[in-house]
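See structure below.
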Amino acid sequence: MTSEAQLIEERVLEAIDAYQSGDFSTIQAAADATSAPVQRVSRRLRGIPSAISKGGHNKRLIEPQESALCTLIKRYNDLGLPMRIPMITAVANSILRRASDPSTPPPIIKPKWAHRFLERHPEFMKKKRKPIEINRYAV
């Protein structure tokens, strides 16, 4: 299923093709013919990529690094040791430190990044633990 943004981007690409093939003399006419936003067509012709191709914000880790972090979180969960926010942040900072150039300071990840990371990966959602009963605690 395609999203609304993808449909608009397809119309923008159609307008660019029509303009570059010479079917229309202006960007405005090509955009009007395909029902594409004129500003987006103009930006693509100037070489500015779409937001879809950028991959979004909050991508401090590249895909292999993020998959390594996900694998580690899954391993900890399988062992019954849930990773907390500070630990996720520390592991991500360690991954970035190892991947960065030693001559420059490594980028750091702040705790809010870890919250947004967990929102992007609902399979790692936190489960609330029930407090232990007083009678069981006393034994």
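Identifiers for the structure tokens are assigned positionally: chains receive A, B, ... in sequence, residues are indexed from 1 per chain, and ligands are indexed from 1 in the order shown.
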
Find the residues near stretch 26-36 of chain A: any atom within 9 Å, counting only C-alpha atoms, skip ones fewer than 5 places away on the same chain, and give them as a PDB file with N, CA and C atoms, in the first residue's frame.
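File around26.pdb, as written:
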ATOM      1  N   ILE A   8       2.198  11.513  -4.134  1.00  0.00           N
ATOM      2  CA  ILE A   8       2.573  12.867  -4.541  1.00  0.00           C
ATOM      3  C   ILE A   8       3.938  12.848  -5.213  1.00  0.00           C
ATOM      4  N   GLU A   9       4.869  12.078  -4.657  1.00  0.00           N
ATOM      5  CA  GLU A   9       6.210  12.010  -5.230  1.00  0.00           C
ATOM      6  C   GLU A   9       6.181  11.406  -6.636  1.00  0.00           C
ATOM      7  N   GLU A  10       5.302  10.435  -6.863  1.00  0.00           N
ATOM      8  CA  GLU A  10       5.162   9.865  -8.205  1.00  0.00           C
ATOM      9  C   GLU A  10       4.658  10.918  -9.187  1.00  0.00           C
ATOM     10  N   ARG A  11       3.695  11.742  -8.758  1.00  0.00           N
ATOM     11  CA  ARG A  11       3.192  12.813  -9.629  1.00  0.00           C
ATOM     12  C   ARG A  11       4.284  13.841  -9.901  1.00  0.00           C
ATOM     13  N   VAL A  12       5.117  14.114  -8.896  1.00  0.00           N
ATOM     14  CA  VAL A  12       6.231  15.049  -9.083  1.00  0.00           C
ATOM     15  C   VAL A  12       7.190  14.504 -10.132  1.00  0.00           C
ATOM     16  N   LEU A  13       7.505  13.217 -10.061  1.00  0.00           N
ATOM     17  CA  LEU A  13       8.403  12.602 -11.042  1.00  0.00           C
ATOM     18  C   LEU A  13       7.804  12.613 -12.446  1.00  0.00           C
ATOM     19  N   GLU A  14       6.479  12.418 -12.544  1.00  0.00           N
ATOM     20  CA  GLU A  14       5.812  12.514 -13.842  1.00  0.00           C
ATOM     21  C   GLU A  14       5.933  13.921 -14.403  1.00  0.00           C
ATOM     22  N   ALA A  15       5.756  14.930 -13.545  1.00  0.00           N
ATOM     23  CA  ALA A  15       5.865  16.319 -13.989  1.00  0.00           C
ATOM     24  C   ALA A  15       7.284  16.628 -14.451  1.00  0.00           C
ATOM     25  N   ILE A  16       8.278  16.102 -13.758  1.00  0.00           N
ATOM     26  CA  ILE A  16       9.674  16.324 -14.143  1.00  0.00           C
ATOM     27  C   ILE A  16       9.947  15.685 -15.511  1.00  0.00           C
ATOM     28  N   ASP A  17       9.474  14.453 -15.693  1.00  0.00           N
ATOM     29  CA  ASP A  17       9.670  13.779 -16.985  1.00  0.00           C
ATOM     30  C   ASP A  17       9.009  14.559 -18.117  1.00  0.00           C
ATOM     31  N   ALA A  18       7.786  15.042 -17.876  1.00  0.00           N
ATOM     32  CA  ALA A  18       7.066  15.794 -18.908  1.00  0.00           C
ATOM     33  C   ALA A  18       7.777  17.102 -19.227  1.00  0.00           C
ATOM     34  N   TYR A  19       8.304  17.765 -18.197  1.00  0.00           N
ATOM     35  CA  TYR A  19       9.007  19.033 -18.414  1.00  0.00           C
ATOM     36  C   TYR A  19      10.322  18.814 -19.160  1.00  0.00           C
ATOM     37  N   VAL A  41       8.278  20.129  -7.497  1.00  0.00           N
ATOM     38  CA  VAL A  41       8.840  19.874  -8.824  1.00  0.00           C
ATOM     39  C   VAL A  41      10.074  20.743  -9.021  1.00  0.00           C
ATOM     40  N   SER A  42       9.967  22.003  -8.641  1.00  0.00           N
ATOM     41  CA  SER A  42      11.089  22.928  -8.785  1.00  0.00           C
ATOM     42  C   SER A  42      12.296  22.479  -7.951  1.00  0.00           C
TER      43      SER A  42
END

Write out as a short mmCIF file (atom, residue, chain, number, x, y, z; two decimals) with all heavy atoms, in the first residue's frame each polymer residue whose atoms come within 12 Å of stretch 87-98 of chain A, counting only C-alpha atoms; drop sequence neighbours fewer than 2 positions from it.
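Writing done, so here's part_37.cif:
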data_model
loop_
_atom_site.label_atom_id
_atom_site.label_comp_id
_atom_site.auth_asym_id
_atom_site.auth_seq_id
_atom_site.Cartn_x
_atom_site.Cartn_y
_atom_site.Cartn_z
N LYS A 59 18.17 9.59 12.80
CA LYS A 59 18.89 8.41 12.31
C LYS A 59 20.36 8.56 12.63
O LYS A 59 21.21 8.65 11.76
CB LYS A 59 18.69 8.26 10.80
CG LYS A 59 17.26 8.06 10.39
CD LYS A 59 16.80 6.68 10.75
CE LYS A 59 15.41 6.46 10.21
NZ LYS A 59 14.93 5.14 10.41
N ARG A 60 20.70 8.59 13.88
CA ARG A 60 22.09 8.75 14.28
C ARG A 60 22.89 7.50 13.93
O ARG A 60 24.03 7.58 13.51
CB ARG A 60 22.13 9.03 15.79
CG ARG A 60 23.49 9.32 16.35
CD ARG A 60 24.07 10.58 15.79
NE ARG A 60 23.40 11.74 16.30
CZ ARG A 60 23.97 12.78 16.84
NH1 ARG A 60 25.28 12.81 16.92
NH2 ARG A 60 23.29 13.81 17.25
N LEU A 61 22.27 6.34 14.08
CA LEU A 61 22.94 5.09 13.73
C LEU A 61 22.58 4.69 12.32
O LEU A 61 21.42 4.83 11.91
CB LEU A 61 22.51 3.97 14.69
CG LEU A 61 22.77 4.17 16.18
CD1 LEU A 61 22.20 3.00 16.96
CD2 LEU A 61 24.24 4.30 16.45
N ILE A 62 23.54 4.17 11.57
CA ILE A 62 23.22 3.65 10.24
C ILE A 62 22.58 2.27 10.40
O ILE A 62 22.59 1.69 11.50
CB ILE A 62 24.47 3.62 9.34
CG1 ILE A 62 25.57 2.75 9.95
CG2 ILE A 62 24.98 5.03 9.07
CD1 ILE A 62 26.79 2.59 9.07
N PRO A 64 23.24 -0.97 9.67
CA PRO A 64 23.93 -2.09 10.33
C PRO A 64 24.12 -1.86 11.83
O PRO A 64 24.01 -2.79 12.63
CB PRO A 64 25.27 -2.18 9.62
CG PRO A 64 25.10 -1.46 8.34
CD PRO A 64 24.05 -0.44 8.56
N GLN A 65 24.40 -0.61 12.22
CA GLN A 65 24.57 -0.31 13.64
C GLN A 65 23.25 -0.46 14.38
O GLN A 65 23.21 -1.01 15.50
CB GLN A 65 25.11 1.11 13.81
CG GLN A 65 26.50 1.31 13.27
CD GLN A 65 26.90 2.77 13.23
OE1 GLN A 65 26.07 3.67 13.21
NE2 GLN A 65 28.20 3.01 13.21
N GLU A 66 22.17 0.01 13.76
CA GLU A 66 20.86 -0.10 14.41
C GLU A 66 20.44 -1.56 14.52
O GLU A 66 19.87 -1.97 15.54
CB GLU A 66 19.83 0.70 13.63
CG GLU A 66 18.53 0.87 14.38
CD GLU A 66 17.66 1.95 13.80
OE1 GLU A 66 18.16 3.03 13.49
OE2 GLU A 66 16.45 1.68 13.69
N SER A 67 20.72 -2.36 13.51
CA SER A 67 20.36 -3.78 13.60
C SER A 67 21.19 -4.49 14.66
O SER A 67 20.71 -5.41 15.33
CB SER A 67 20.50 -4.46 12.24
OG SER A 67 21.84 -4.52 11.86
N ALA A 68 22.45 -4.07 14.85
CA ALA A 68 23.28 -4.66 15.91
C ALA A 68 22.70 -4.32 17.27
O ALA A 68 22.66 -5.18 18.17
CB ALA A 68 24.71 -4.14 15.80
N LEU A 69 22.24 -3.08 17.43
CA LEU A 69 21.61 -2.69 18.70
C LEU A 69 20.33 -3.47 18.94
O LEU A 69 20.08 -3.94 20.05
CB LEU A 69 21.34 -1.18 18.70
CG LEU A 69 20.66 -0.61 19.94
CD1 LEU A 69 21.52 -0.84 21.18
CD2 LEU A 69 20.40 0.87 19.74
N CYS A 70 19.53 -3.66 17.89
CA CYS A 70 18.29 -4.44 18.02
C CYS A 70 18.60 -5.89 18.40
O CYS A 70 17.91 -6.47 19.24
CB CYS A 70 17.50 -4.39 16.73
SG CYS A 70 16.77 -2.79 16.36
N THR A 71 19.63 -6.46 17.80
CA THR A 71 20.01 -7.84 18.11
C THR A 71 20.43 -7.97 19.57
O THR A 71 20.06 -8.92 20.26
CB THR A 71 21.16 -8.29 17.19
OG1 THR A 71 20.73 -8.17 15.84
CG2 THR A 71 21.57 -9.72 17.47
N LEU A 72 21.18 -6.98 20.04
CA LEU A 72 21.61 -7.02 21.44
C LEU A 72 20.42 -6.90 22.40
O LEU A 72 20.35 -7.61 23.40
CB LEU A 72 22.62 -5.89 21.70
CG LEU A 72 23.22 -5.89 23.11
CD1 LEU A 72 24.13 -7.09 23.29
CD2 LEU A 72 23.97 -4.61 23.35
N ILE A 73 19.49 -6.02 22.08
CA ILE A 73 18.31 -5.86 22.93
C ILE A 73 17.51 -7.17 22.95
O ILE A 73 17.04 -7.60 24.01
CB ILE A 73 17.44 -4.69 22.43
CG1 ILE A 73 18.18 -3.37 22.64
CG2 ILE A 73 16.10 -4.65 23.16
CD1 ILE A 73 17.50 -2.17 22.01
N LYS A 74 17.37 -7.82 21.78
CA LYS A 74 16.64 -9.09 21.73
C LYS A 74 17.35 -10.16 22.56
O LYS A 74 16.69 -10.93 23.27
CB LYS A 74 16.52 -9.57 20.28
CG LYS A 74 15.52 -8.79 19.48
CD LYS A 74 15.51 -9.26 18.03
CE LYS A 74 14.66 -8.33 17.20
NZ LYS A 74 14.79 -8.58 15.76
N TYR A 76 19.28 -9.71 25.19
CA TYR A 76 19.06 -9.42 26.60
C TYR A 76 17.64 -9.79 27.02
O TYR A 76 17.43 -10.32 28.11
CB TYR A 76 19.32 -7.94 26.88
CG TYR A 76 20.74 -7.65 27.29
CD1 TYR A 76 21.78 -7.66 26.37
CD2 TYR A 76 21.06 -7.38 28.61
CE1 TYR A 76 23.07 -7.40 26.73
CE2 TYR A 76 22.36 -7.12 28.99
CZ TYR A 76 23.37 -7.13 28.04
OH TYR A 76 24.65 -6.87 28.43
N LEU A 81 16.69 -10.20 30.89
CA LEU A 81 17.32 -8.99 31.42
C LEU A 81 16.90 -7.80 30.56
O LEU A 81 17.54 -7.50 29.57
CB LEU A 81 18.85 -9.12 31.40
CG LEU A 81 19.42 -10.31 32.15
CD1 LEU A 81 20.88 -10.48 31.78
CD2 LEU A 81 19.26 -10.10 33.63
N PRO A 82 15.82 -7.13 30.91
CA PRO A 82 15.38 -6.01 30.07
C PRO A 82 16.39 -4.86 30.10
O PRO A 82 16.94 -4.53 31.15
CB PRO A 82 14.05 -5.60 30.69
CG PRO A 82 14.12 -6.07 32.09
CD PRO A 82 14.99 -7.30 32.08
N MET A 83 16.65 -4.30 28.94
CA MET A 83 17.57 -3.17 28.86
C MET A 83 16.80 -1.89 29.17
O MET A 83 15.73 -1.66 28.62
CB MET A 83 18.20 -3.07 27.46
CG MET A 83 19.20 -4.16 27.20
SD MET A 83 20.02 -3.96 25.61
CE MET A 83 21.21 -2.71 26.00
N ARG A 84 17.36 -1.09 30.01
CA ARG A 84 16.74 0.19 30.35
C ARG A 84 17.30 1.29 29.47
O ARG A 84 18.30 1.10 28.77
CB ARG A 84 16.97 0.49 31.82
CG ARG A 84 16.32 -0.58 32.67
CD ARG A 84 16.33 -0.24 34.08
NE ARG A 84 15.58 -1.29 34.77
CZ ARG A 84 15.24 -1.22 36.01
NH1 ARG A 84 15.58 -0.19 36.72
NH2 ARG A 84 14.57 -2.20 36.56
N ILE A 85 16.66 2.44 29.53
CA ILE A 85 17.05 3.57 28.67
C ILE A 85 18.53 3.93 28.82
O ILE A 85 19.23 4.09 27.81
CB ILE A 85 16.15 4.79 28.96
CG1 ILE A 85 14.69 4.49 28.61
CG2 ILE A 85 16.64 6.03 28.23
CD1 ILE A 85 14.40 4.32 27.16
N SER A 100 33.59 5.75 14.87
CA SER A 100 34.04 7.10 14.50
C SER A 100 35.55 7.15 14.31
O SER A 100 36.29 6.27 14.74
CB SER A 100 33.62 8.11 15.56
OG SER A 100 34.34 7.90 16.75
N ASP A 101 35.98 8.23 13.70
CA ASP A 101 37.40 8.48 13.46
C ASP A 101 38.06 8.86 14.79
O ASP A 101 37.55 9.72 15.50
CB ASP A 101 37.53 9.61 12.43
CG ASP A 101 38.97 9.90 12.08
OD1 ASP A 101 39.81 9.00 12.23
OD2 ASP A 101 39.24 11.04 11.65
N PRO A 102 39.19 8.26 15.15
CA PRO A 102 39.81 8.56 16.44
C PRO A 102 40.30 10.00 16.56
O PRO A 102 40.46 10.51 17.68
CB PRO A 102 40.99 7.60 16.53
CG PRO A 102 40.84 6.63 15.43
CD PRO A 102 39.86 7.18 14.46
N SER A 103 40.54 10.67 15.44
CA SER A 103 41.06 12.04 15.51
C SER A 103 39.98 13.07 15.83
O SER A 103 40.27 14.19 16.21
CB SER A 103 41.74 12.41 14.20
OG SER A 103 40.80 12.39 13.15
N THR A 104 38.71 12.70 15.68
CA THR A 104 37.62 13.62 15.99
C THR A 104 36.80 13.07 17.14
O THR A 104 36.73 11.86 17.33
CB THR A 104 36.70 13.81 14.76
OG1 THR A 104 36.13 12.54 14.42
CG2 THR A 104 37.45 14.38 13.58
N PRO A 105 36.17 13.95 17.90
CA PRO A 105 35.32 13.44 18.99
C PRO A 105 34.10 12.71 18.43
O PRO A 105 33.51 13.16 17.45
CB PRO A 105 34.92 14.70 19.75
CG PRO A 105 35.15 15.83 18.83
CD PRO A 105 36.21 15.40 17.87
N PRO A 106 33.75 11.58 19.03
CA PRO A 106 32.62 10.81 18.49
C PRO A 106 31.30 11.51 18.79
O PRO A 106 31.17 12.23 19.79
CB PRO A 106 32.71 9.48 19.24
CG PRO A 106 33.39 9.83 20.51
CD PRO A 106 34.35 10.93 20.18
N PRO A 107 30.31 11.31 17.93
CA PRO A 107 28.98 11.87 18.23
C PRO A 107 28.39 11.13 19.42
O PRO A 107 28.72 9.97 19.67
CB PRO A 107 28.19 11.61 16.95
CG PRO A 107 28.89 10.50 16.27
CD PRO A 107 30.33 10.60 16.67
N ILE A 108 27.55 11.82 20.15
CA ILE A 108 26.93 11.19 21.32
C ILE A 108 25.41 11.13 21.13
O ILE A 108 24.83 11.91 20.39
CB ILE A 108 27.27 11.92 22.63
CG1 ILE A 108 26.78 13.37 22.58
CG2 ILE A 108 28.74 11.84 22.93
CD1 ILE A 108 26.81 14.05 23.92
N ILE A 109 24.83 10.18 21.81
CA ILE A 109 23.39 9.99 21.80
C ILE A 109 22.87 10.36 23.17
O ILE A 109 23.43 9.95 24.19
CB ILE A 109 23.04 8.54 21.44
CG1 ILE A 109 23.33 8.31 19.97
CG2 ILE A 109 21.61 8.23 21.77
CD1 ILE A 109 23.06 6.93 19.49
N LYS A 110 21.80 11.11 23.20
CA LYS A 110 21.21 11.54 24.46
C LYS A 110 20.04 10.63 24.81
O LYS A 110 19.52 9.92 23.94
CB LYS A 110 20.78 12.99 24.34
CG LYS A 110 21.99 13.88 24.10
CD LYS A 110 21.61 15.31 24.03
CE LYS A 110 22.88 16.13 23.77
NZ LYS A 110 22.60 17.50 23.52
N PRO A 111 19.58 10.64 26.05
CA PRO A 111 18.51 9.73 26.46
C PRO A 111 17.21 9.88 25.66
O PRO A 111 16.50 8.91 25.44
CB PRO A 111 18.28 10.08 27.93
CG PRO A 111 19.58 10.62 28.39
CD PRO A 111 20.16 11.33 27.20
N LYS A 112 16.90 11.09 25.20
CA LYS A 112 15.66 11.26 24.42
C LYS A 112 15.72 10.48 23.12
O LYS A 112 14.70 10.05 22.60
CB LYS A 112 15.41 12.74 24.15
CG LYS A 112 15.04 13.50 25.39
CD LYS A 112 14.06 14.56 25.06
CE LYS A 112 13.68 15.27 26.33
NZ LYS A 112 12.29 15.38 26.53
N TRP A 113 16.93 10.30 22.57
CA TRP A 113 17.06 9.50 21.36
C TRP A 113 16.60 8.07 21.63
O TRP A 113 15.93 7.46 20.80
CB TRP A 113 18.52 9.49 20.88
CG TRP A 113 18.71 8.63 19.67
CD1 TRP A 113 18.61 9.00 18.37
CD2 TRP A 113 19.00 7.23 19.66
NE1 TRP A 113 18.83 7.93 17.55
CE2 TRP A 113 19.07 6.82 18.32
CE3 TRP A 113 19.21 6.27 20.65
CZ2 TRP A 113 19.34 5.52 17.95
CZ3 TRP A 113 19.49 4.97 20.27
CH2 TRP A 113 19.54 4.61 18.94
N ALA A 114 16.95 7.54 22.78
CA ALA A 114 16.58 6.17 23.11
C ALA A 114 15.06 6.03 23.21
O ALA A 114 14.50 5.01 22.79
CB ALA A 114 17.24 5.74 24.41
N HIS A 115 14.39 7.03 23.75
CA HIS A 115 12.93 6.99 23.82
C HIS A 115 12.33 6.95 22.42
O HIS A 115 11.41 6.16 22.15
CB HIS A 115 12.38 8.21 24.58
CG HIS A 115 12.63 8.16 26.05
ND1 HIS A 115 11.92 7.33 26.89
CD2 HIS A 115 13.49 8.83 26.83
CE1 HIS A 115 12.34 7.49 28.13
NE2 HIS A 115 13.30 8.40 28.13
N ARG A 116 12.85 7.78 21.53
CA ARG A 116 12.33 7.80 20.15
C ARG A 116 12.70 6.51 19.42
O ARG A 116 11.92 6.02 18.59
CB ARG A 116 12.85 9.03 19.41
CG ARG A 116 12.27 10.32 19.96
CD ARG A 116 12.64 11.51 19.10
NE ARG A 116 14.06 11.69 18.95
CZ ARG A 116 14.81 12.52 19.68
NH1 ARG A 116 14.26 13.24 20.62
NH2 ARG A 116 16.11 12.63 19.45
N PHE A 117 13.86 5.94 19.73
CA PHE A 117 14.26 4.66 19.14
C PHE A 117 13.26 3.58 19.53
O PHE A 117 12.83 2.78 18.70
CB PHE A 117 15.66 4.28 19.61
CG PHE A 117 16.10 2.90 19.22
CD1 PHE A 117 16.58 2.66 17.95
CD2 PHE A 117 16.02 1.85 20.12
CE1 PHE A 117 16.99 1.38 17.58
CE2 PHE A 117 16.41 0.59 19.78
CZ PHE A 117 16.90 0.35 18.50
N LEU A 118 12.87 3.55 20.80
CA LEU A 118 11.90 2.55 21.26
C LEU A 118 10.52 2.79 20.65
O LEU A 118 9.77 1.84 20.44
CB LEU A 118 11.83 2.56 22.78
CG LEU A 118 13.07 2.00 23.48
CD1 LEU A 118 12.96 2.18 24.98
CD2 LEU A 118 13.28 0.55 23.13
N PHE A 124 10.06 -3.72 21.17
CA PHE A 124 10.81 -3.60 22.42
C PHE A 124 10.06 -2.79 23.46
O PHE A 124 10.67 -2.22 24.36
CB PHE A 124 12.17 -2.93 22.18
CG PHE A 124 13.02 -3.64 21.17
CD1 PHE A 124 13.57 -2.95 20.11
CD2 PHE A 124 13.26 -5.00 21.27
CE1 PHE A 124 14.36 -3.59 19.18
CE2 PHE A 124 14.03 -5.64 20.34
CZ PHE A 124 14.58 -4.95 19.29
#

Requested in this report: Give me every alpha helix (DSSP H) residue in stretch 80-120 of chain A, going by DSSP on the backbone, as a ChimeraX atom specification.
Outcome: /A:85-99,111-120

Report task. Between atom CA of A:His121 and atom CA of A:Ala99, measure the distance and give it in Å to one decimal. Result ->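 Computing it gives 22.6 Å between the two atoms.
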